[in-house]
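Everything on this sheet refers to the single structure shown next.
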Amino acid sequence: KMGGANSTFGSLLGDTLVTSEGREPTDQVLASKSVVGVYFADSTPHSFGKEEACNAYQVLKNSGKQDFEFVYVSFLTNKGQYDNECSAMSWPVVPFDKLSHVLPKLRKLFSLQGNHPGLSFLDQDGNVITNDGLKLIARYGKSLYPFTRERIKTIVEETDRVLNDVVRGNIDRDVDPKVRHLVLILGPSRAPPGRAAPQLYNSYMRLRELLPDIRDAAAGSPPVAA
């Protein structure tokens, strides 16, 4: 834990961030944010989870969600590459001349090893919520909002419970709307080997019948029964 909300982010991410308006005080940019996602990026154009993170961010911001922010932190040491990478970024960015001061603190806080892409979430007191943000957002997308411990715990447990029920054939209409589509997307990939596959297929198709409002959320074609 690191103290007051706004001053916490400023002491951790540096006193200024680069936004579409230019350099602005970090405390001003992150004022009133309940959760801040710190995204670490290398020069890999299609890093795991990056597209999902960008899409979730844009959808949530467009829908009026203003109580969170993502901050972009680059591992690049070449100024030209840094400028090229960050020029199109819609998130606030840690300035190049602040990286040598900011990165060591972030490496220690998030136990970073190497320069691998990652997404960590902080609460307003500077406490780490999770370092598995990329994996989580790649799976759950905008449904992970508001990115709190409680939401992450709920969506992971609820999705696992529903998927287990699907496998067992226990179909229920009473499913959290924010995880319904995940059952359709993740269900086929969770198909157990051998004789259980037809049971999952039948449960999967039954769920689609029960929840026609999310039929279009299914990824690709339905699985083929074994």
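Within each chain, counting starts at residue 1; across the structure tokens, chains are named A, B, ... in the order shown, with ligands numbered 1 upward in that order.
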Using only C-alpha atoms, what does the table of segment 52-128 of chain A residues within 6 Å of segment 12-30 of chain A look like, with each row giving the shortest atom pair and its distance in Å to one decimal, sorted by chain and ascending number, as a tab-separated table?
```
residue	atom	partner	partner_atom	distance
A:Pro92	CA	A:Thr19	CA	4.8
A:Val93	CA	A:Val18	CA	5.0
A:Val94	CA	A:Leu17	CA	5.1
A:Val102	CA	A:Leu13	CA	5.8
```
* Excluding Arg107 of chain A and any residue of its chain fewer than 2 positions from it, enumerate the residues within 12 Å of it, using only C-alpha atoms, and give them as a PyMOL selection string. => chain A and resi 12-13+38+40+73+75+99-105+109-116+118+120+131
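Atom to atom, atom CA of Tyr72 of chain A and atom CA of Phe96 of chain A stand 11.0 Å apart.
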* Asked: At what distance in Å, to one decimal, does atom CA of Cys54 of chain A lie from atom CA of Met89 of chain A?
  -> 9.3 Å
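Between atom CA of Val128 of chain A and atom CA of Glu52 of chain A the interatomic distance comes to 21.0 Å.
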* Got a sec to tell me which of segment 10-98 of chain A DSSP assigns to strand (DSSP E or B), as a PyMOL selection string? -> chain A and resi 16-19+22-25+35-41+68-74+93
* Neighbour list for Phe70 of chain A as a ChimeraX atom specification, cut-off 8 Å, only C-alpha atoms, skip fewer than 3 positions in-chain -> /A:36-39,57,91-92
